[in-house]
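Source file: model.txt. Holds: compact mmCIF, C-alpha atoms.
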# COMPACT_ATOMS: atom_id res chain seq x y z
CA MET A 213 8.56 -40.95 -1.51
CA ASN A 214 10.09 -43.20 1.12
CA ILE A 215 10.32 -46.99 0.68
CA VAL A 216 9.65 -47.61 4.39
CA ASP A 217 6.45 -45.54 4.26
CA PHE A 218 5.43 -47.31 1.06
CA PHE A 219 5.71 -50.79 2.62
CA LYS A 220 4.13 -49.61 5.89
CA GLU A 221 1.06 -48.61 3.89
CA ARG A 222 0.92 -52.09 2.33
CA ILE A 223 1.82 -54.10 5.44
CA LEU A 224 -1.70 -55.55 5.77
CA PHE A 225 -1.73 -56.74 2.14
CA ILE A 226 1.76 -58.26 2.47
CA ALA A 227 0.86 -59.96 5.78
CA LEU A 228 -2.31 -61.39 4.18
CA ASN A 229 -0.23 -62.78 1.29
CA ILE A 230 2.20 -64.42 3.72
CA VAL A 231 -0.71 -65.94 5.71
CA ILE A 232 -2.14 -67.36 2.46
CA LEU A 233 1.28 -68.79 1.55
CA ILE A 234 1.60 -70.41 4.98
CA PHE A 235 -1.93 -71.81 4.71
CA THR A 236 -1.09 -73.16 1.23
CA ALA A 237 2.13 -74.74 2.57
CA VAL A 238 0.22 -76.41 5.45
CA LEU A 239 -2.39 -77.69 3.01
CA LEU A 240 0.31 -79.12 0.72
CA ILE A 241 2.00 -80.79 3.71
CA SER A 242 -1.30 -82.40 4.73
CA LEU A 243 -1.61 -83.69 1.16
CA LYS A 244 1.87 -85.23 1.60
CA VAL A 245 3.48 -83.12 -1.15
CA ASP A 246 7.26 -83.23 -1.19
CA MET A 247 8.82 -80.68 1.20
CA TYR A 248 11.26 -79.38 -1.45
CA ALA A 249 8.35 -78.66 -3.76
CA ILE A 250 6.48 -76.81 -0.97
CA VAL A 251 9.53 -74.64 -0.13
CA PHE A 252 10.09 -73.95 -3.82
CA ILE A 253 6.45 -72.87 -4.32
CA PHE A 254 6.60 -70.73 -1.16
CA ILE A 255 9.81 -68.95 -2.23
CA ILE A 256 8.64 -68.40 -5.84
CA ASN A 257 5.36 -66.84 -4.63
CA LEU A 258 7.15 -64.67 -2.06
CA ILE A 259 9.64 -63.44 -4.66
CA GLY A 260 6.75 -62.66 -7.05
CA ILE A 261 4.95 -60.63 -4.37
CA LEU A 262 8.12 -58.66 -3.52
CA ILE A 263 8.93 -58.02 -7.21
CA PHE A 264 5.39 -56.69 -7.73
CA HIS A 265 5.61 -54.29 -4.75
CA PHE A 266 9.11 -53.06 -5.65
CA TYR A 267 7.96 -52.45 -9.23
CA GLU A 268 4.97 -50.47 -7.92
CA PHE A 269 7.22 -48.49 -5.58
CA PHE A 270 9.72 -47.43 -8.26
CA ARG A 271 7.01 -46.66 -10.82
CA LYS A 272 5.09 -44.43 -8.42
CA LYS A 273 8.23 -42.93 -6.92
CA ARG A 274 9.41 -41.84 -10.38
CA TYR A 275 6.05 -40.18 -11.07
CA TYR A 276 5.74 -38.42 -7.70
CA ASP A 277 9.38 -37.28 -7.79
CA GLU A 278 8.69 -35.77 -11.21
CA ILE A 279 5.68 -33.90 -9.77
CA GLU A 280 7.77 -32.61 -6.85
CA LYS A 281 10.57 -31.54 -9.20
CA ASP A 282 8.11 -29.67 -11.43
CA LEU A 283 6.55 -28.02 -8.39
CA GLN A 284 9.92 -26.81 -7.06
CA SER A 285 10.93 -25.43 -10.48
CA LEU A 286 7.75 -23.38 -10.88
CA ASP A 287 7.57 -19.78 -9.67
CA LYS A 288 3.79 -19.92 -9.89
CA LYS A 289 2.88 -23.18 -8.17
CA TYR A 290 -0.74 -23.07 -9.34
CA LEU A 291 0.45 -23.87 -12.89
CA LEU A 292 1.43 -27.40 -11.79
CA SER A 293 -1.47 -29.05 -13.64
CA GLU A 294 -0.22 -27.50 -16.91
CA VAL A 295 3.18 -29.22 -16.73
CA VAL A 296 2.43 -32.54 -15.02
CA ALA A 297 2.00 -35.47 -17.40
CA GLU A 298 -0.81 -37.96 -16.83
CA SER A 299 0.40 -41.18 -15.19
CA ASP A 300 -0.10 -44.78 -16.35
CA PHE A 301 -1.55 -46.02 -13.03
CA LEU A 302 -4.98 -45.39 -11.51
CA GLU A 303 -3.94 -43.34 -8.43
CA GLY A 304 -1.81 -41.03 -10.56
CA LYS A 305 -4.67 -40.52 -13.04
CA LEU A 306 -7.03 -39.65 -10.19
CA ILE A 307 -4.51 -37.20 -8.69
CA HIS A 308 -3.89 -35.58 -12.09
CA ASN A 309 -7.64 -35.24 -12.66
CA ILE A 310 -8.19 -33.71 -9.19
CA ILE A 311 -5.35 -31.19 -9.67
CA ASP A 312 -6.68 -30.31 -13.13
CA GLN A 313 -10.24 -29.77 -11.86
CA ALA A 314 -9.02 -27.73 -8.88
CA ASN A 315 -6.89 -25.57 -11.19
CA LYS A 316 -9.82 -24.91 -13.53
CA SER A 317 -12.05 -23.98 -10.61
CA MET A 318 -9.37 -21.63 -9.23
CA ASN A 319 -8.92 -19.98 -12.65
CA ASP A 320 -12.68 -19.41 -12.89
CA GLU A 321 -12.70 -17.75 -9.47
CA ILE A 322 -9.66 -15.62 -10.34
CA SER A 323 -11.35 -14.51 -13.57
CA LYS A 324 -14.40 -13.39 -11.58
CA TYR A 325 -12.24 -11.39 -9.16
CA LYS A 326 -10.22 -9.87 -12.03
CA LEU A 327 -13.41 -8.81 -13.76
CA SER A 328 -14.70 -7.28 -10.53
CA ILE A 329 -11.40 -5.43 -9.93
CA ASP A 330 -11.31 -4.18 -13.55
CA GLU A 331 -14.87 -2.88 -13.24
CA TYR A 332 -14.01 -1.13 -9.96
CA ARG A 333 -10.86 0.40 -11.49
CA GLU A 334 -12.85 1.64 -14.49
CA TYR A 335 -15.43 3.17 -12.14
CA ILE A 336 -12.71 4.97 -10.13
CA GLU A 337 -11.12 6.29 -13.32
CA MET A 338 -14.52 7.51 -14.57
CA TRP A 339 -15.31 9.10 -11.18
CA VAL A 340 -11.94 10.89 -11.10
CA HIS A 341 -12.54 12.36 -14.55
CA GLU A 342 -16.10 13.36 -13.65
CA ILE A 343 -15.07 15.04 -10.38
CA LYS A 344 -12.60 17.24 -12.24
CA THR A 345 -15.47 19.28 -13.73
CA PRO A 346 -16.92 20.54 -10.39
CA ILE A 347 -13.35 21.11 -9.10
CA ALA A 348 -12.55 23.24 -12.14
CA THR A 349 -15.82 25.16 -11.59
CA CYS A 350 -14.91 25.78 -7.94
CA LYS A 351 -11.48 27.07 -8.96
CA LEU A 352 -13.08 29.45 -11.46
CA LEU A 353 -15.47 30.75 -8.79
CA ILE A 354 -12.53 31.28 -6.42
CA GLU A 355 -10.59 33.22 -9.06
CA ASN A 356 -13.61 35.47 -9.70
CA ASN A 357 -14.17 36.06 -5.98
CA ASP A 358 -10.67 36.61 -4.68
CA SER A 359 -10.43 37.00 -0.92
CA LYS A 360 -8.54 35.53 2.01
CA ILE A 361 -11.31 32.99 2.59
CA THR A 362 -11.54 31.87 -1.06
CA ARG A 363 -7.76 31.55 -1.25
CA SER A 364 -7.86 29.29 1.79
CA ILE A 365 -10.67 27.28 0.18
CA GLY A 366 -8.55 27.08 -2.98
CA GLU A 367 -5.63 25.60 -1.03
CA GLU A 368 -7.85 22.93 0.50
CA LEU A 369 -9.37 22.28 -2.91
CA GLY A 370 -5.85 21.80 -4.31
CA ARG A 371 -5.11 19.29 -1.56
CA GLY A 372 -8.29 17.43 -2.36
CA GLU A 373 -7.33 17.38 -6.03
CA ASP A 374 -3.95 15.87 -5.11
CA TYR A 375 -5.66 13.09 -3.15
CA ILE A 376 -8.01 12.42 -6.07
CA GLU A 377 -5.03 12.23 -8.43
CA GLN A 378 -3.30 9.87 -5.99
CA SER A 379 -6.33 7.56 -5.98
CA LEU A 380 -6.31 7.52 -9.80
CA TYR A 381 -2.64 6.61 -9.99
CA TYR A 382 -3.07 4.03 -7.24
CA THR A 383 -5.81 2.22 -9.20
CA ARG A 384 -3.68 2.33 -12.34
CA SER A 385 -0.46 1.21 -10.66
CA ASN A 386 -1.25 -2.51 -11.11
CA VAL A 387 -1.82 -2.12 -14.86
CA LEU A 388 0.86 0.47 -15.51
CA GLU A 389 2.17 -1.45 -18.54
CA LYS A 390 -1.05 -0.53 -20.42
CA ASP A 391 -0.63 3.21 -19.86
CA TYR A 392 2.95 4.33 -20.23
CA ILE A 393 5.33 5.37 -22.98
CA ILE A 394 9.06 5.20 -22.33
CA LYS A 395 10.88 7.89 -24.28
CA GLU A 396 13.70 10.37 -23.87
CA ILE A 397 12.68 13.27 -21.63
CA ASN A 398 14.46 16.22 -20.08
CA LEU A 399 14.32 16.07 -16.29
CA SER A 400 14.31 19.86 -16.00
CA ASP A 401 10.93 20.03 -17.81
CA SER A 402 9.32 17.53 -15.43
CA ILE A 403 10.80 19.23 -12.35
CA ASN A 404 9.61 22.68 -13.49
CA ASN A 405 6.10 21.35 -14.12
CA VAL A 406 5.92 19.94 -10.59
CA ILE A 407 7.35 23.14 -9.03
CA ARG A 408 4.77 25.24 -10.90
CA LYS A 409 2.01 22.93 -9.65
CA ASN A 410 3.12 23.53 -6.04
CA ALA A 411 4.01 27.20 -6.53
CA ASN A 412 1.25 28.65 -4.33
CA THR A 413 2.11 26.43 -1.37
CA LEU A 414 5.84 27.08 -1.79
CA ILE A 415 5.24 30.84 -1.80
CA ALA A 416 2.82 30.68 1.14
CA LYS A 417 5.35 28.74 3.26
CA ARG A 418 8.24 30.97 2.05
CA ILE A 419 10.29 27.97 0.94
CA LYS A 420 13.50 28.76 -0.93
CA ILE A 421 13.95 26.67 -4.08
CA ASN A 422 17.42 25.73 -5.28
CA ILE A 423 17.45 23.81 -8.58
CA TYR A 424 20.66 23.15 -10.46
CA ASP A 425 22.33 20.68 -12.82
CA VAL A 426 18.99 19.07 -13.78
CA ASP A 427 19.26 19.51 -17.55
CA LYS A 428 19.66 15.74 -18.04
CA LYS A 429 18.23 13.40 -20.63
CA VAL A 430 16.69 10.21 -19.22
CA TYR A 431 14.34 7.51 -20.48
CA CYS A 432 11.00 7.43 -18.69
CA ASP A 433 7.29 8.23 -18.97
CA SER A 434 6.85 11.95 -18.30
CA LYS A 435 3.36 11.62 -16.76
CA TRP A 436 4.31 8.93 -14.24
CA ILE A 437 7.64 10.53 -13.25
CA GLU A 438 5.91 13.86 -12.66
CA PHE A 439 3.44 12.13 -10.37
CA ILE A 440 6.33 10.51 -8.44
CA LEU A 441 8.17 13.86 -8.17
CA ASN A 442 4.98 15.59 -7.05
CA GLN A 443 4.49 13.05 -4.24
CA ILE A 444 8.07 13.53 -3.02
CA ILE A 445 8.04 17.34 -3.26
CA SER A 446 4.59 17.53 -1.62
CA ASN A 447 5.97 15.47 1.27
CA SER A 448 8.97 17.79 1.57
CA ILE A 449 6.72 20.86 1.65
CA LYS A 450 4.38 19.24 4.18
CA TYR A 451 7.13 18.55 6.71
CA MET A 452 9.10 21.81 6.43
CA ASN A 453 8.37 24.23 9.27
CA LYS A 454 11.60 26.18 9.70
CA LYS A 455 11.92 29.93 9.13
CA GLU A 456 14.53 29.36 6.43
CA SER A 457 13.07 26.33 4.71
CA GLU A 458 14.84 25.19 1.56
CA LEU A 459 14.04 22.69 -1.16
CA LYS A 460 17.04 21.59 -3.20
CA VAL A 461 16.79 19.60 -6.43
CA TYR A 462 19.86 18.51 -8.37
CA CYS A 463 21.30 15.67 -10.45
CA GLU A 464 24.55 13.74 -10.29
CA LYS A 465 26.13 11.03 -12.42
CA PHE A 466 27.15 7.63 -11.08
CA ASN A 467 28.76 5.40 -13.71
CA GLU A 468 26.11 5.29 -16.47
CA ASP A 469 23.22 6.27 -14.16
CA VAL A 470 21.62 9.65 -13.57
CA ILE A 471 20.60 10.24 -9.96
CA LEU A 472 18.00 12.89 -9.21
CA ASN A 473 18.19 14.14 -5.61
CA ILE A 474 15.38 16.00 -3.84
CA CYS A 475 16.54 17.43 -0.51
CA ASP A 476 14.79 19.44 2.16
CA ASN A 477 15.76 20.81 5.56
CA GLY A 478 12.51 19.79 7.21
CA ILE A 479 11.90 17.84 10.39
CA GLY A 480 13.53 14.66 9.05
CA ILE A 481 12.65 11.08 9.89
CA ASN A 482 13.84 9.09 12.90
CA GLU A 483 15.83 5.90 12.47
CA LYS A 484 12.95 3.61 13.47
CA ASP A 485 10.63 5.04 10.80
CA ARG A 486 13.22 5.28 8.01
CA VAL A 487 13.23 1.54 7.30
CA LYS A 488 9.43 1.50 6.90
CA VAL A 489 8.71 4.68 4.93
CA PHE A 490 8.01 2.78 1.69
CA GLU A 491 5.57 0.37 3.34
CA LYS A 492 1.91 0.70 2.44
CA GLY A 493 -0.12 2.65 4.99
CA TYR A 494 2.85 3.41 7.25
CA THR A 495 2.62 7.02 8.52
CA GLY A 496 5.26 6.95 11.25
CA GLU A 497 5.72 9.43 14.06
CA ASN A 498 5.63 12.47 11.74
CA GLY A 499 2.30 11.39 10.30
CA ARG A 500 0.83 11.19 13.79
CA ILE A 501 2.19 14.60 14.77
CA PHE A 502 1.10 16.44 11.61
CA GLY A 503 -2.03 14.33 11.06
CA LYS A 504 -1.99 14.77 7.28
CA SER A 505 -0.30 11.57 6.17
CA THR A 506 -2.04 8.65 4.44
CA GLY A 507 1.00 6.36 4.19
CA ILE A 508 0.30 5.85 0.48
CA GLY A 509 2.48 8.48 -1.26
CA LEU A 510 5.95 6.97 -0.80
CA TYR A 511 4.57 3.45 -1.13
CA LEU A 512 3.19 4.41 -4.55
CA CYS A 513 6.49 6.06 -5.50
CA LYS A 514 8.39 2.86 -4.71
CA LYS A 515 5.86 0.68 -6.53
CA LEU A 516 5.86 2.86 -9.65
CA CYS A 517 9.66 3.14 -9.68
CA ILE A 518 9.93 -0.65 -9.69
CA LYS A 519 7.40 -0.87 -12.54
CA LEU A 520 9.32 1.78 -14.53
CA GLY A 521 12.70 0.14 -13.90
CA LEU A 522 13.94 2.99 -11.69
CA GLY A 523 15.63 2.89 -8.31
CA ILE A 524 14.57 4.94 -5.30
CA LYS A 525 16.18 5.41 -1.90
CA LEU A 526 15.69 7.71 1.08
CA GLU A 527 18.19 9.17 3.53
CA SER A 528 17.13 11.26 6.48
CA GLU A 529 18.30 12.66 9.78
CA GLU A 530 15.86 13.77 12.42
CA LEU A 531 15.60 17.59 12.78
CA VAL A 532 18.11 18.03 9.90
CA GLY A 533 16.29 17.01 6.72
CA THR A 534 15.53 14.34 4.14
CA LYS A 535 16.99 13.37 0.79
CA VAL A 536 15.13 11.19 -1.71
CA SER A 537 17.12 9.90 -4.67
CA ILE A 538 15.65 8.50 -7.89
CA ILE A 539 18.08 6.48 -9.99
CA PHE A 540 17.59 6.52 -13.78
CA PRO A 541 19.62 3.68 -15.35
CA ILE A 542 21.24 4.65 -18.64
CA ASN A 543 22.93 1.97 -20.74
CA ASN A 544 23.92 1.48 -24.36
CA LEU A 545 20.68 -0.35 -25.17
CA MET A 546 18.76 2.84 -24.41
CA LYS A 547 20.85 4.98 -26.74
CA PHE A 548 19.23 4.78 -30.14
Output the file's structure as structure tokens, nothing else.
Amino acid sequence: MNIVDFFKERILFIALNIVILIFTAVLLISLKVDMYAIVFIFIINLIGILIFHFYEFFRKKRYYDEIEKDLQSLDKKYLLSEVVAESDFLEGKLIHNIIDQANKSMNDEISKYKLSIDEYREYIEMWVHEIKTPIATCKLLIENNDSKITRSIGEELGRGEDYIEQSLYYTRSNVLEKDYIIKEINLSDSINNVIRKNANTLIAKRIKINIYDVDKKVYCDSKWIEFILNQIISNSIKYMNKKESELKVYCEKFNEDVILNICDNGIGINEKDRVKVFEKGYTGENGRIFGKSTGIGLYLCKKLCIKLGLGIKLESEELVGTKVSIIFPINNLMKF
């Protein structure tokens, strides 16, 4: 709050007071009142007016500065009404009341949207569980009628199942804290589960698998980490088209951290796309060429890693291959 702006706003009131003082002085002169008395009255009144305005300025400045300080210290600015004290002057009380009413209205609207989002998430989760029954029936029919055509249908059905699973994890990603259990797991178990899940595709594409040094204990949720690994390995499989394709999975130690590396010798990613691979909906040049990318997989991996307290990074060279690293922090607090 600036003192110049404050007095500019009150210039009309101050000018009116000075005009009244001048009028009073002229009236006293016409009544033949002593000049010293007139000057004294004029000065006393002028000082009183100035004292009143300066008092108002400092009182309001202190209050508004406090509001600004509270606002700057808050991460969530909309909580301002919860921390601002009610003022002792009318304007401040009106402002506090307006902020309070606006905040209540905003909270009501947010509650409506949250309820709507929760209902939609619950519907998606229910739909995903319901759709699993006809998928399982289709798989059983395929197994009982084995042929080249049914095997091809089975592959497409598997892809569809992956997309359905991705949609389920996507809807749950914002409320992950309600559905995860951090405990000690063996990385080799999770990796083997994901490899078995993709076994048919790996065999069909004749991809060599090289897994070593993965017998490591880390702290994570097995279900969520398997989903993350499946997204990364599925991407590797999707973009490998060489005669001697190879998928390499191994661990290494860095200080107290365990780093899980997933490497492939696929088509790689160009420099322009590398910086954006974790952005939502970004498919890049490879996605346009292969036409099978949604731009959600790696975005979800990054989002879930952040929620789980893991690190993730990607290195790639075009036409050479890609390496995705997941960093599992291990510290003394995790060792029970």
Test item: residues at most 8 Å from A:Gly523, only C-alpha atoms, excluding those fewer than 3 positions along its chain, as number ranges by chain
A: 517-518, 538-540
If you count all atoms listed in the file, which residues fall within 7 Å of A:Val406, apart from same-chain ones fewer than 2 positions away, as a VMD selection string? chain A and resid 402 to 404 408 to 410 438 441 to 442
Please identify all polymer residues within 12 Å of A:Asn315, counting all atoms listed in the file, omitting same-chain residues fewer than 6 positions from it, and present them as a list in words. Lys289, Tyr290, Leu291, Leu292, Ser293, Glu294, His308, Asn309, Glu321 and Ile322 of chain A
Would you compute, for all listed atoms of stretch 217-225 of chain A, the axis-aligned bounding box grown by 5 Å on each side, and then report its centre and edge lengths in Å rounded to one decimal, as JSON?
{"center_x": 2.4, "center_y": -51.1, "center_z": 3.5, "size_x": 18.2, "size_y": 21.2, "size_z": 14.8}
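Candidate residues A:Ile415, A:Met452, A:Phe269, A:Glu396 were compared for distance to A:Phe218, and the nearest is A:Phe269, using only C-alpha atoms.
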